[in-house]
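Step one of this worksheet: look at the structure below.
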There are 2 protein chains.
Amino acid sequence: MFKYEVIKEEKNTGARLGKITTDHGEIETPIFMPVGTQATVKSMDQDDLKKMNAQIILGNTYHLYLRPGMEIMKKAGGLHKFMNWDRPILTDSGGFQVFSLGDLRKISEEGVEFQSHLDGSRHFMTPEKSIEIQNIIGSDIMMCFDECAPADADYEYTRKSMEMTSRWAARCKDAHARPDEQALFGIVQGGMFEDLRARSAHDLVAMDFPGYSSGGLSVGESKDTMFHLLDTTVPLLPKDKSRYLMGVGSVDALIEGVIRGVDMFDCVLQTRIARNGTAMTSQGKVVVRNAGYADDFSPLDPECDCPVCQNYSRAYIRHLIKCNEILGARLLTYHNLYFTLKLMEKVREAIRSDTLLDLKKDVFSKYGLE
Amino acid sequence: MFKYEVIKEEKNTGARLGKITTDHGEIETPIFMPVGTQATVKSMDQDDLKKMNAQIILGNTYHLYLRPGMEIMKKAGGLHKFMNWDRPILTDSGGFQVFSLGDLRKISEEGVEFQSHLDGSRHFMTPEKSIEIQNIIGSDIMMCFDECAPADADYEYTRKSMEMTSRWAARCKDAHARPDEQALFGIVQGGMFEDLRARSAHDLVAMDFPGYSSGGLSVGESKDTMFHLLDTTVPLLPKDKSRYLMGVGSVDALIEGVIRGVDMFDCVLQTRIARNGTAMTSQGKVVVRNAGYADDFSPLDPECDCPVCQNYSRAYIRHLIKCNEILGARLLTYHNLYFTLKLMEKVREAIRSDTLLDLKKDVFSKYGLE
């Protein structure tokens with residue numbers, strides 16, 4: 001099952017406090033979803049994710065299709081059982097990775113032929129195939145297979161690509177074998193062209209999906225461009241359906257996205273910069289890998305109550321990162337995810353109390369944003 | 001402070017149940033000590049180690065001297081505070097690593113000149129320097145600086161090396177600045193030569209250390225040779241002092257060592273094979289990386305009650321290891337350490353109930369040992 005309800009709209013911005021109900025439990029929105037590409041949120045175990053109150057995580061269809069593969073996924077009884085995660089899971093369609101990771105792609109109306117980035121093996125991904133895979137994975141929220149046109153594609157290419165994505169969305173809906181258990185979202189495309197994104201939204205809304213994603217954003221354009229496209233596209237989506245901004249997770253974009261009516265976000269930023277030695281803190285990013293922190297025995301973020309900040313110092317974590325110790329990546333990952341989930345909790349609280357703009361001002365000024 | 005008491009000797013073997021008391025708490029012996037080379041037991045956090053009931057962990061003097069270095073260690077107030085571990089810590093002397101990792105070594109009576117394996121920087125390690133470092137680290141149990149002669153060294157080389165190690169031990173004792181807080185152990189050397197090890201033991205016992213280590217074993221010789229050398233050397237050590245067999249941690253060697261009167265063990269085996277995809281189980285080693293486990297949804301060890309075996313399958317862990325995911329190394333490391341600590345708990349119980357030989361028979365037959 002899948003149900004989305006708006007609980008409250010914030011007075012000043014219209015930002016939505018909402019609740020999603022799935023077979024694996026409820027999700028309070030707006031929400032940030034940690035990314036568990038290969039059936040693991042890198043360096044976390046499932047108990048960690050529960051402790052930091054991750055309500056839902058992502059899996060990547062492209063990666064899971066290649067490894068462990070669908071035979072094993074079937075035998076395991078789906079991804080929840082395979083990885084022992086009993087809360088909701090969202091999967092992407094594989095589209096983004098086919099285009100960003102796959103080699104030697106050939107795109108046709110039927111689908112995309114590509115070579116695995118792992119072993120060069122040839123595969124043919126179609127809307128039907130993507131849905132079949134996601135049906136086997138058993139994610140609570142699935143995505144339609146879309147073409148992610150290159151960020152610098154011209155108007156004509158982007159228009160044709162968007163139109164094909166709409167036709168693919170219809171095929172995905174038809175192919176969906178478990179609509180009562182898994183919700184399938186449409187993905188708005190159209191590049192940086194306002195009118196194309198509007199047409200894409202229009203096409204998809206006509207197909208009546210239980211939720212709508214904004215894809216193809218945060219791919220190199222300025223944040224102002226992204227926010228402007230959200231300004232013009234999000235209002236075209238039905239108010240009673242959930243809205244997901246794909247691949248976006250910086251502090252400012254999370255808050256600006258919520259202000260523009262987005263309910264769901266995911267991003268690898270938190271976990272990726274962690275492994276490179278950077279912490280997200282209430283005072284902005286701290287590159288704890290830097291020499292200046294070698295004898296800084298204070299916590300990553302003095303305002304944070306996560307177990308990492310309660311137990312370990314910047315000096316210790318810097319030492320671990322410099323030594324390439326797994327624990328360094330792990331501690332920073334835990335903290336960055338905790339920090340982001342906590343931020344979203346504050347965002348939900350601010351919607352409740354109609355103080356979202358105050359929160360934005362406060363967070364931005366401390367984080368060092370304009 | 002440091003105190004060792006024998007609580008009970010096993011009726012059939014003389015294996016000792018004991019208790020060590022330190023400023024950071026008590027240790028029940030026989031005990032296995034997880035190795036935390038660079039101020040971290042690889043992939044574990046300190047909370048994990050407490051949950052699996054690690055009573056004491058190791059730090060490596062050579063590594064900590066190079067990184068983070070003693071300036072930071074001093075500012076941190078020692079290793080316990082630096083890494084946030086409030087239970088006992090044992091440090092080696094750096095001797096073994098100077099010889100196994102350092103480049104371009106020059107050995108003299110005064111000490112060893114070597115180049116760092118990290119950056120080629122030149123260092124001069126002496127008995128006094130090793131003790132000074134360990135005094136700064138603040139470990140509860142320290143080791144004398146020793147020369148680890150090559151395993152294939154001849155009698156004359158080994159004799160001279162052992163004699164110098166005895167002289168170095170005396171210098172270490174003299175240099176020790178915090179004898180009331182940190183216990184300094186002597187290290188028995190002498191290669192594979194029974195008479196040299198006996199003389200080494202004799203030299204060190206005359207200096208009255210609070211504990212004695214057996215060094216230079218498990219360096220390539222057969223297990224029978226090692227057990228034979230323990231048979232002839234351990235009885236030369238005072239009964240009221242603790243005994244530590246360095247670098248030994250395989251299932252059979254742990255049990256055979258205890259039977260021969262050893263109280264303490266450490267080894268990187270558990271954590272190293274974990275990162276390579278191998279589990280230690282009650283039925284022997286399981287190379288979970290192998291293709292045969294791809295669809296094996298049973299736990300690593302059906303008899304194990306650790307959280308890894310309660311929550312995750314061989315198929316999932318194999319997938320993680322094949323994908324080089326940090327969580328794979330982490331889950332296997334946790335399990336292998338838990339398995340070994342649990343084994344030592346059973347060993348202590350068997351000493352209490354005079355059933356150590358029954359336990360050995362049972363463990364060996366299930367593990368696939370002779």
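In the structure tokens, the first chain shown is A, the next is B, and so on; residue numbers restart at 1 for each chain, and ligands run from 1 in the order shown.
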Proximity check chain A to chain B, 6 Å, nearest pairs one decimal Å, only C-alpha atoms, as a tab-separated table:
```
residue	atom	partner	partner_atom	distance
A:Ser43	CA	B:Ile326	CA	5.0
A:Ile72	CA	B:Asp295	CA	5.9
A:Asp295	CA	B:Ile72	CA	5.9
A:Ile326	CA	B:Ser43	CA	5.0
A:Leu327	CA	B:Ser43	CA	5.1
```
Atoms kept (C-alpha atoms) for selection, written as an mmCIF file, in the first residue's frame:
```cif
data_model
loop_
_atom_site.group_PDB
_atom_site.id
_atom_site.type_symbol
_atom_site.label_atom_id
_atom_site.label_comp_id
_atom_site.auth_asym_id
_atom_site.auth_seq_id
_atom_site.Cartn_x
_atom_site.Cartn_y
_atom_site.Cartn_z
ATOM 1 C CA SER A 43 29.958 2.050 6.153
ATOM 2 C CA ILE A 72 19.744 -13.980 -5.758
ATOM 3 C CA ASP A 295 45.312 18.682 17.929
ATOM 4 C CA ILE A 326 37.635 2.408 8.115
ATOM 5 C CA LEU A 327 36.480 3.874 11.414
#
```
Which polymer residues have any atom within 10 Å of an atom of stretch 157-170 of chain A, counting only C-alpha atoms, with same-chain residues fewer than 3 positions away left out, as number ranges by chain? A: 108-111, 126-128, 143-154, 173-175, 184-193, 195-197, 199-204, 207, 209
Could you name the residues that touch A:His228 at 10 Å or less, counting only C-alpha atoms, but leaving out those on the same chain fewer than 4 positions away, as a PyMOL selection string? chain A and resi 192+194+222-224+232-233+260
So which residues touch stretch 280-284 of chain A within 6 Å, counting only C-alpha atoms, skipping near sequence neighbours fewer than 5 positions away, as a list in words?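 Within the cut-off, the hits are Asp301, Asn336, Lys366 and Tyr367 of chain A.
Going from atom CA of A:Gly25 to atom CA of A:Asp180 covers 15.0 Å.
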Running DSSP on the backbone, which parts of stretch 191-322 of chain A land in strand (DSSP E or B), as a VMD selection string? chain A and resid 211 to 214 242 to 245 264 to 266 278 to 281 284 to 287
Give me the residues within 10 Å of B:Glu113 as a ChimeraX atom specification, counting only C-alpha atoms and dropping any in the same chain fewer than 4 places off. /B:98,102-108,122-126
Compile the contact shell of B:Phe364 as an MDAnalysis selection string: residues with an atom at most 10 Å away, counting only C-alpha atoms, same-chain residues fewer than 4 positions apart removed. chainID B and resid 251:252 255 282:284 358:360 368:370
Limited to all heavy atoms, could you put the picked residues into a file as a PDB file, in the first residue's frame?
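The resulting file, selection-v7.pdb, is reproduced below:
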```pdb
ATOM      1  N   VAL B 251      42.692 -20.774  16.454  1.00  0.00           N
ATOM      2  CA  VAL B 251      41.875 -21.512  17.428  1.00  0.00           C
ATOM      3  C   VAL B 251      42.698 -22.574  18.150  1.00  0.00           C
ATOM      4  O   VAL B 251      42.659 -22.676  19.384  1.00  0.00           O
ATOM      5  CB  VAL B 251      40.647 -22.131  16.717  1.00  0.00           C
ATOM      6  CG1 VAL B 251      39.981 -23.181  17.588  1.00  0.00           C
ATOM      7  CG2 VAL B 251      39.648 -21.033  16.360  1.00  0.00           C
ATOM      8  N   ASP B 252      43.465 -23.356  17.386  1.00  0.00           N
ATOM      9  CA  ASP B 252      44.229 -24.418  18.049  1.00  0.00           C
ATOM     10  C   ASP B 252      45.339 -23.859  18.936  1.00  0.00           C
ATOM     11  O   ASP B 252      45.559 -24.331  20.050  1.00  0.00           O
ATOM     12  CB  ASP B 252      44.791 -25.422  17.030  1.00  0.00           C
ATOM     13  CG  ASP B 252      45.584 -24.761  15.918  1.00  0.00           C
ATOM     14  OD1 ASP B 252      45.454 -23.535  15.734  1.00  0.00           O
ATOM     15  OD2 ASP B 252      46.331 -25.469  15.222  1.00  0.00           O
ATOM     16  N   ILE B 255      44.035 -22.581  22.349  1.00  0.00           N
ATOM     17  CA  ILE B 255      43.737 -23.642  23.315  1.00  0.00           C
ATOM     18  C   ILE B 255      45.018 -24.348  23.765  1.00  0.00           C
ATOM     19  O   ILE B 255      45.228 -24.586  24.959  1.00  0.00           O
ATOM     20  CB  ILE B 255      42.703 -24.628  22.712  1.00  0.00           C
ATOM     21  CG1 ILE B 255      41.357 -23.892  22.552  1.00  0.00           C
ATOM     22  CG2 ILE B 255      42.563 -25.860  23.595  1.00  0.00           C
ATOM     23  CD1 ILE B 255      40.260 -24.724  21.937  1.00  0.00           C
ATOM     24  N   SER B 282      32.186 -22.074  14.385  1.00  0.00           N
ATOM     25  CA  SER B 282      32.312 -23.298  15.182  1.00  0.00           C
ATOM     26  C   SER B 282      32.597 -24.506  14.294  1.00  0.00           C
ATOM     27  O   SER B 282      33.137 -25.501  14.759  1.00  0.00           O
ATOM     28  CB  SER B 282      31.040 -23.520  15.995  1.00  0.00           C
ATOM     29  OG  SER B 282      29.915 -23.510  15.132  1.00  0.00           O
ATOM     30  N   GLN B 283      32.252 -24.398  13.002  1.00  0.00           N
ATOM     31  CA  GLN B 283      32.531 -25.512  12.070  1.00  0.00           C
ATOM     32  C   GLN B 283      33.800 -25.290  11.249  1.00  0.00           C
ATOM     33  O   GLN B 283      33.990 -25.936  10.222  1.00  0.00           O
ATOM     34  CB  GLN B 283      31.354 -25.708  11.111  1.00  0.00           C
ATOM     35  CG  GLN B 283      30.271 -26.623  11.650  1.00  0.00           C
ATOM     36  CD  GLN B 283      29.280 -25.863  12.504  1.00  0.00           C
ATOM     37  OE1 GLN B 283      28.873 -24.767  12.148  1.00  0.00           O
ATOM     38  NE2 GLN B 283      28.888 -26.434  13.634  1.00  0.00           N
ATOM     39  N   GLY B 284      34.631 -24.386  11.680  1.00  0.00           N
ATOM     40  CA  GLY B 284      35.854 -24.103  10.932  1.00  0.00           C
ATOM     41  C   GLY B 284      35.725 -22.828  10.132  1.00  0.00           C
ATOM     42  O   GLY B 284      34.713 -22.134  10.209  1.00  0.00           O
ATOM     43  N   ASP B 358      38.236 -31.774  27.417  1.00  0.00           N
ATOM     44  CA  ASP B 358      36.965 -32.070  26.738  1.00  0.00           C
ATOM     45  C   ASP B 358      36.614 -30.942  25.766  1.00  0.00           C
ATOM     46  O   ASP B 358      36.201 -31.192  24.631  1.00  0.00           O
ATOM     47  CB  ASP B 358      35.813 -32.197  27.757  1.00  0.00           C
ATOM     48  CG  ASP B 358      36.042 -33.349  28.715  1.00  0.00           C
ATOM     49  OD1 ASP B 358      36.768 -34.296  28.332  1.00  0.00           O
ATOM     50  OD2 ASP B 358      35.520 -33.299  29.844  1.00  0.00           O
ATOM     51  N   LEU B 359      36.794 -29.710  26.236  1.00  0.00           N
ATOM     52  CA  LEU B 359      36.507 -28.566  25.362  1.00  0.00           C
ATOM     53  C   LEU B 359      37.409 -28.610  24.140  1.00  0.00           C
ATOM     54  O   LEU B 359      36.955 -28.420  23.008  1.00  0.00           O
ATOM     55  CB  LEU B 359      36.716 -27.248  26.116  1.00  0.00           C
ATOM     56  CG  LEU B 359      36.478 -25.990  25.258  1.00  0.00           C
ATOM     57  CD1 LEU B 359      35.004 -25.809  24.915  1.00  0.00           C
ATOM     58  CD2 LEU B 359      37.017 -24.724  25.939  1.00  0.00           C
ATOM     59  N   LYS B 360      38.684 -28.880  24.358  1.00  0.00           N
ATOM     60  CA  LYS B 360      39.631 -28.949  23.238  1.00  0.00           C
ATOM     61  C   LYS B 360      39.167 -29.986  22.215  1.00  0.00           C
ATOM     62  O   LYS B 360      39.103 -29.705  21.018  1.00  0.00           O
ATOM     63  CB  LYS B 360      41.032 -29.320  23.751  1.00  0.00           C
ATOM     64  CG  LYS B 360      42.027 -29.603  22.626  1.00  0.00           C
ATOM     65  CD  LYS B 360      43.379 -30.067  23.132  1.00  0.00           C
ATOM     66  CE  LYS B 360      44.129 -30.766  21.987  1.00  0.00           C
ATOM     67  NZ  LYS B 360      45.469 -31.213  22.378  1.00  0.00           N
ATOM     68  N   GLY B 368      37.456 -28.953  12.637  1.00  0.00           N
ATOM     69  CA  GLY B 368      38.182 -29.666  11.586  1.00  0.00           C
ATOM     70  C   GLY B 368      39.671 -29.729  11.848  1.00  0.00           C
ATOM     71  O   GLY B 368      40.477 -29.882  10.925  1.00  0.00           O
ATOM     72  N   LEU B 369      40.068 -29.608  13.131  1.00  0.00           N
ATOM     73  CA  LEU B 369      41.478 -29.767  13.484  1.00  0.00           C
ATOM     74  C   LEU B 369      41.690 -31.218  13.890  1.00  0.00           C
ATOM     75  O   LEU B 369      40.742 -31.922  14.215  1.00  0.00           O
ATOM     76  CB  LEU B 369      41.832 -28.819  14.636  1.00  0.00           C
ATOM     77  CG  LEU B 369      41.706 -27.323  14.290  1.00  0.00           C
ATOM     78  CD1 LEU B 369      41.572 -26.481  15.527  1.00  0.00           C
ATOM     79  CD2 LEU B 369      42.894 -26.875  13.456  1.00  0.00           C
ATOM     80  N   GLU B 370      42.941 -31.638  13.897  1.00  0.00           N
ATOM     81  CA  GLU B 370      43.210 -33.089  14.078  1.00  0.00           C
ATOM     82  C   GLU B 370      42.589 -33.616  15.375  1.00  0.00           C
ATOM     83  O   GLU B 370      42.408 -32.911  16.309  1.00  0.00           O
ATOM     84  CB  GLU B 370      44.732 -33.353  14.039  1.00  0.00           C
ATOM     85  CG  GLU B 370      45.358 -33.803  15.346  1.00  0.00           C
ATOM     86  CD  GLU B 370      45.780 -32.642  16.235  1.00  0.00           C
ATOM     87  OE1 GLU B 370      45.323 -31.520  16.008  1.00  0.00           O
ATOM     88  OE2 GLU B 370      46.532 -32.873  17.166  1.00  0.00           O
TER      89      GLU B 370
END
```
